[in-house]
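Undergrad: Mind having a look at this structure? Questions to follow.
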Amino acid sequence: MHGTEFRLLGPVGIWQGEQGLGPTAAQQRSVLAMLLLEPGRVVSVDRLVMAVWGEDPPGSARNAVQVQISKLRRILAALPDTELSTSAQGYCLTVDPERVDLHRFRELVREARKAGDGPAGELLHAALQLWRGPALADVAGGWLPGTVGAGLEEERRAVVEECAAIDLRSGRHQQAAAVLSPLVAEHPFAERSVGLLMEALSRSGRRADALALFRATRRRYVEELGIEPGDDLQRLHQQVLEEETSPEPSPTPSSSPAPTPSHAPSPAHTSADPPSDAPSPRPSPSASPPPSASPLPSGSPPAGGLAVPQQLPADVAHFTGRERELAGLDALLRPEPEPGAEAGRAPTAAVISVIAGSGGLGKTTLAVHWAHRVRDRFPDGQLYVNLRGFGPTGSAMTPSEAVRGFLDAFQVPAHRIPATVEAQTALYRSLLADRRVLILLDNARDADQVRPLLPGAPGCLVLLTSRNELTSLVVAEQAQPLPLDLLDRAEARELLARRLGSERVAAEPGAVEDVITVCAGLPLALAIVAARAATHPGFTLEALARELRDARGSLDAFDGGDATTDVRAVFSWSYHALGADAARLFRLLGVHPGPDIAAAAAASLVGLPVPQARRLLLQLTRAHLLTERSPGQYALHDLLRAYAIELTQAYDSEADRRAALHRTLDHYLHTALAAGRVFTPHRTPITLPAARPGVSPEPLAEYGEALTWFTVEHPVLVAVQQQAAESGFETHAWQLAWTLAEFLDQLGHWHDQDVVHTVALEAARRTDDLAGQAHALHGLGLADLRMARYDRARERLLRALDLHGKTGNPAGQALIHVALNLAGERQGRHKEGLYHAQRTLELYREVGHRGGEAYALNNVGWAYAMLGEYQQTLIHCEKALRMLQEAHDGRGASAAWDSLGYAHHRLGDHQQAITCYRNAVELRQERGERVRGAESLYRLGSAQLAAGDIPGARDSWQQALTMFDVLGHPDAGRVREELGRLG
């Protein structure tokens, strides 16, 4: 599916690829879920109230729903072909049902039920892959999951059973067992599921396991329901018993046993169970394979609850030719045995292939197309990254940036990501161990950029594209080279026929041959010619060929010495067909550093209103001069970027280009400042001059909007900040670093934090800007703290403190003391930490900064708690809480409630601690703070246990455990152990 996706089958939300766009609040997710269950139909306010609060809503529920609708509308406003409308009857969300995973699931099931077993099985498997966990997993309240969610789970179970039945009829017994095992673990009383699994195990040659499953099921029925299993299950049991006693040839050595269900009763545990009434011998322990020999079932979720990334770009609609190259890639899945090895022996290292060739040959298109063909062979996910190795801006991606992106794709929580690049790379390789993942590394610069991204164990396949041959990888890592050349004439002719129609191509064979000759078999050139011909059906191909022959000039990278390699002429067709405004926008895109540009940033680049800029961007995408990679995000192919740079340098004056860059920098700086105010409202903002005329900063008013904007624009902001420093905009350079600091710190992008503030410090020093130097040193000190470089952090922070003193900035000094307080806590210097917390409080009071004072009070209280002075904690944190509540600062208030809960618990006032922790949990869940919410739930359970409320403690810890498991939090094991001790 292309574009934006709406999900209900698992965590609820709006997604672009694997990037969540929101909502971040549970109540908003409940409202969104109700609207998506019936897209295009009006949902009443009463039904929305029921969805959020169940049958006992508060008096303010209707107003609260209106607030959530308003917030939801802001998220949806930026999405194409999506409309949230209001009427007297309620609210209606208009969206294509194909973009909603639940409705795609149901449509695939409907198609399967009309088809034969072969296609039906494929359709049902595709439908089940849309489930990413329990339906409606993270909405507010229990009504939606308990009613609608329960019904959806029944739909899923029925489809799993249908799918397994088809697999059994088709002889795919092991695949059926793999699909059924987790289902039976979830629904042990579903007799059809149990029966199908018994049949699958028996047909796989694992009759002892099938009998063990029946005994465990019968015991559960008798002990918990007081009845025997149904007749069908009894008959199947008798049939397996008869087969068990009948001599049959054992499975052939080449057929590996199906995996032991991870949640089904293990034969090792059931062998001591009382035998059933049937007269059969007890199976011997050797009848089942040892658990350690059981492979992970195909399509099972990875261990540890990590996400299954699916990052491949969309496949091309009219892929043509490359049969030899595709066959070469197919051979990677069937490696030749090593000398002396047995046939079919698995490789001992990751398989690597390098697709190499000059720009425009279709390396990426080939790689993506083949990856889609074989994606089912890699059930643990597909990773993709454009390494930007070749481009006019020279902004190649660093290996650390790519590794961090892959960790984010696996949804590794930020707190689990190590500080150093080496440790992050080790974690990335550990995640790939024992998994089958396809990794597509696109547009690589050299071997050094690639090596940190290579897996360290077999099972994965790495596909590389590059304009270099990467010979050292072929030699050292035994990568398989796959050089890519121009299309031959037959392939080029087929490409044009597929895109223009065979009749049109056959009607003008001479013109077609001329086009192929001038385009020199370059796929990019042929695609642009075909696009021009397709959008102008009245043009003869001969006229297009004549125009192409007559055009002169060439892109330097493709100047082979004669007119047959003249690609610039092909680009110029589309460019010269543009209106003046669209042509100017295309040229000025050469000023923007990339890799992507949003519509609002493009508007600022050319100094036009956003709606007008959107229309121009649409013209460029239709002319194939620009690609809309995601809704509202646009990108240039690097050759087209080179062409745009040439054009802007030829036709736009230096003053015009510099003015466009100035507007672009103002756009990102003012938008980032606005996002930062929402992201961290207690932080004292820097003062900016007014943006230049024509700049359109994006209005970001909600926390979720700010977080999404920072996340999407993060690579662009880093590139823009670098460009500002290199282009003489030193003040913009350090100010952009300042706006990025909190996002980079809180999301764990500490290496980027170090890089941008190093650039900022150098820029501020060039202009002798003491304030800029102080802020840059602060950012560097924070990065050092996160990466445990405490001595260097302290040195930089003290230099920043001195500079803030020289410039008369007490609020800046206060922030430095906050960081020094953190350093003291990290190093166990709690008295020193208390001093810095108190100094922060004094400074914020001097300047009358109420928000900063409130946070400082809580920090002082926490510092006292670290010293065991809990009464002082109560005094300071209670005052902080009152101030934060007056300011409607939910983030700060949740921290104060948590601090108070900790102090009351330590003082033995467990009931008061419970109240405080519950308030912290509620606020953190409202803001979607899953990690902190789970931590507060765990502490709440500890307080409940101390108060003697064992059921309450069990419930809180169970909720915390569920969240920790989803997050992959390291505390999950500890909570599980403590739950086990409760009994």
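Going by the structure tokens order, chains are called A, B, ..., each with residues numbered from 1, while ligands are numbered from 1 in the order shown.
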Can you tell me, as a PyMOL selection string, which residues in stretch 884-955 of chain A count as helix (DSSP H, G or I) by DSSP?

TA: chain A and resi 884-886+890-906+910-926+930-946+950-955

Undergrad: Please report, as JSON lines, each residue of stretch 574-665 of chain A lying at most 12 Å from stretch 6-18 of chain A, together with the nearest pair of atoms and the separation in Å rounded to one decimal; use only C-alpha atoms, and order rows by chain and ascending residue number.

TA:
{"residue": "A:Arg629", "atom": "CA", "partner": "A:Gln16", "partner_atom": "CA", "distance": 10.0}
{"residue": "A:Ser630", "atom": "CA", "partner": "A:Gln16", "partner_atom": "CA", "distance": 7.1}
{"residue": "A:Pro631", "atom": "CA", "partner": "A:Gln16", "partner_atom": "CA", "distance": 8.4}
{"residue": "A:Gly632", "atom": "CA", "partner": "A:Gln16", "partner_atom": "CA", "distance": 11.3}
{"residue": "A:Gln633", "atom": "CA", "partner": "A:Gln16", "partner_atom": "CA", "distance": 11.1}

Undergrad: Tell me, as a PyMOL selection string, which residues lie within 8 Å of stretch 645-653 of chain A, counting only C-alpha atoms; anything in the same chain fewer than 4 positions away does not count.

TA: chain A and resi 587-591+641+657

Undergrad: Now that the selection is made, can you save its residues with N, CA and C atoms as a compact mmCIF listing (two decimals), in the first residue's frame?

TA:
# COMPACT_ATOMS: atom_id res chain seq x y z
N ARG A 587 14.09 25.09 -10.14
CA ARG A 587 15.48 25.57 -10.10
C ARG A 587 15.94 25.80 -8.67
N LEU A 588 15.10 26.46 -7.87
CA LEU A 588 15.51 26.81 -6.51
C LEU A 588 15.58 25.59 -5.59
N LEU A 589 14.97 24.48 -6.00
CA LEU A 589 15.15 23.26 -5.21
C LEU A 589 16.62 22.86 -5.17
N GLY A 590 17.41 23.35 -6.10
CA GLY A 590 18.84 23.12 -6.07
C GLY A 590 19.54 23.86 -4.95
N VAL A 591 18.87 24.83 -4.34
CA VAL A 591 19.41 25.57 -3.19
C VAL A 591 19.20 24.79 -1.90
N ARG A 641 18.50 16.67 -9.15
CA ARG A 641 19.02 17.73 -8.28
C ARG A 641 20.23 18.41 -8.93
N ARG A 657 19.44 33.53 -5.20
CA ARG A 657 19.71 32.24 -4.55
C ARG A 657 19.94 32.43 -3.06

Undergrad: Extract, using only C-alpha atoms, all DNA, RNA and protein residues at most 9 Å from A:Arg891, discarding same-chain residues fewer than 4 positions from it, and format them as a ChimeraX atom specification.

TA: /A:884,895-896,923-924,927

Undergrad: Within 10 Å of A:Asp666, counting only C-alpha atoms, which residues show up once you throw out same-chain ones fewer than 3 positions away? Write them as an NGL selection string, please.

TA: :A and (601 or 604-605 or 660-663 or 669-672 or 688-693 or 695-697 or 732 or 736)

Undergrad: Write out as an MDAnalysis selection string which residues come within 12 Å of stretch 135-137 of chain A when counting only C-alpha atoms, dropping same-chain ones fewer than 5 positions away.

TA: chainID A and resid 6:13 26:27 29:34 36:37 51 101:102 130 142:156 962:963 966

Undergrad: Just the selected residues (C-alpha atoms), exported as a compact mmCIF listing (two decimals), in the first residue's frame, please.

TA:
# COMPACT_ATOMS: atom_id res chain seq x y z
CA PHE A 6 -4.75 3.74 9.26
CA ARG A 7 -4.35 0.87 11.71
CA LEU A 8 -6.81 -0.85 14.05
CA LEU A 9 -5.37 -4.38 14.12
CA GLY A 10 -2.84 -3.75 16.87
CA PRO A 11 -1.82 -0.31 18.17
CA VAL A 12 -4.31 2.24 16.81
CA GLY A 13 -3.00 5.13 14.79
CA ALA A 26 -5.36 7.20 24.29
CA GLN A 27 -8.69 9.05 24.17
CA ARG A 29 -7.09 6.83 19.59
CA SER A 30 -10.50 5.67 20.86
CA VAL A 31 -12.28 8.38 18.87
CA LEU A 32 -10.20 7.63 15.76
CA ALA A 33 -10.92 3.90 16.09
CA MET A 34 -14.69 4.44 16.21
CA LEU A 36 -12.40 4.12 11.23
CA LEU A 37 -14.63 1.18 12.04
CA ALA A 51 -16.11 4.21 23.21
CA ASP A 101 -5.97 -2.33 7.76
CA LEU A 102 -9.21 -3.82 9.15
CA LEU A 130 -1.97 -7.17 8.65
CA GLY A 142 -12.02 -1.21 28.32
CA TRP A 143 -15.23 -0.91 26.30
CA LEU A 144 -13.75 -0.94 22.80
CA PRO A 145 -11.27 -3.80 23.39
CA GLY A 146 -13.83 -5.78 25.40
CA THR A 147 -16.67 -5.53 22.88
CA VAL A 148 -15.49 -4.59 19.41
CA GLY A 149 -12.01 -5.97 19.96
CA ALA A 150 -13.37 -9.32 21.14
CA GLY A 151 -15.46 -9.61 17.99
CA LEU A 152 -12.48 -8.77 15.79
CA GLU A 153 -10.43 -11.43 17.57
CA GLU A 154 -13.12 -13.97 16.69
CA GLU A 155 -12.84 -12.90 13.05
CA ARG A 156 -9.08 -13.40 13.18
CA THR A 962 2.17 -5.74 29.49
CA MET A 963 3.56 -2.32 28.62
CA VAL A 966 5.50 -4.24 24.29

Undergrad: Give me, as a PyMOL selection string, all polymer residues having an atom no more than 12 Å from stretch 188-193 of chain A, counting only C-alpha atoms and skipping those fewer than 2 positions away in the same chain.

TA: chain A and resi 154+157-165+176-177+179-186+195-200+213-214+216-222+224-225+227-234+236+263-265

Undergrad: Ranking A:Gly501, A:Pro595, A:Pro80, A:Pro399 by minimum distance to A:Pro452 and counting only C-alpha atoms, which one comes first?

TA: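 The closest residue to A:Pro452 is A:Pro399.
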
Undergrad: Check stretch 399-643 of chain A with DSSP on the backbone and list each residue it calls strand (DSSP E), as a list of chain:residue names.

TA: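 Selecting the strand (DSSP E) positions of stretch 399-643 of chain A gives A:Leu438, A:Ile439, A:Leu440, A:Leu441, A:Asp442, A:Asn443, A:Ala444, A:Leu461, A:Val462, A:Leu463, A:Leu464, A:Thr465, A:Ser466, A:Gln480, A:Pro481, A:Leu482, A:Pro483, A:Ile597, A:Ala598, A:Thr627, A:Glu628, A:Arg629, A:Ser630, A:Gln633, A:Tyr634, A:Ala635.
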
Undergrad: Could you check which of A:Val308, A:Asp909, A:Gly321, A:Asn468 is closest to A:Ala409, using only C-alpha atoms?

TA: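 Residue with the minimum atom-to-atom distance to A:Ala409: A:Val308.
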
Undergrad: Which residue out of A:Ala741, A:Ala444, A:Met866, A:Asp138 has the minimum interatomic distance to A:Gln959 when only C-alpha atoms are used?

TA: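 Ranking A:Ala741, A:Ala444, A:Met866, A:Asp138 by distance to A:Gln959, first place goes to A:Asp138.
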
Undergrad: What gap, in Å, lies between atom CA of A:Gly851 and atom CA of A:Tyr668?

TA: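 Atom CA of A:Gly851 sits 25.9 Å away from atom CA of A:Tyr668.
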
Undergrad: Listing only residues of stretch 688-805 of chain A within 12 Å of stretch 833-843 of chain A, what is the closest atom pair and its distance in Å (to one decimal) for each, using only C-alpha atoms, sorted by chain and residue number ascending, as a Markdown table?

TA:
| residue | atom | partner | partner_atom | distance |
| --- | --- | --- | --- | --- |
| A:Leu798 | CA | A:His836 | CA | 12.0 |
| A:Leu801 | CA | A:Thr840 | CA | 11.8 |
| A:Gly805 | CA | A:Leu843 | CA | 11.6 |

Undergrad: Counting only C-alpha atoms, which of A:Arg584, A:Arg73, A:Arg918, A:His905 gets nearest to A:Leu945?

TA: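 Closest to A:Leu945 of all the choices is A:His905.
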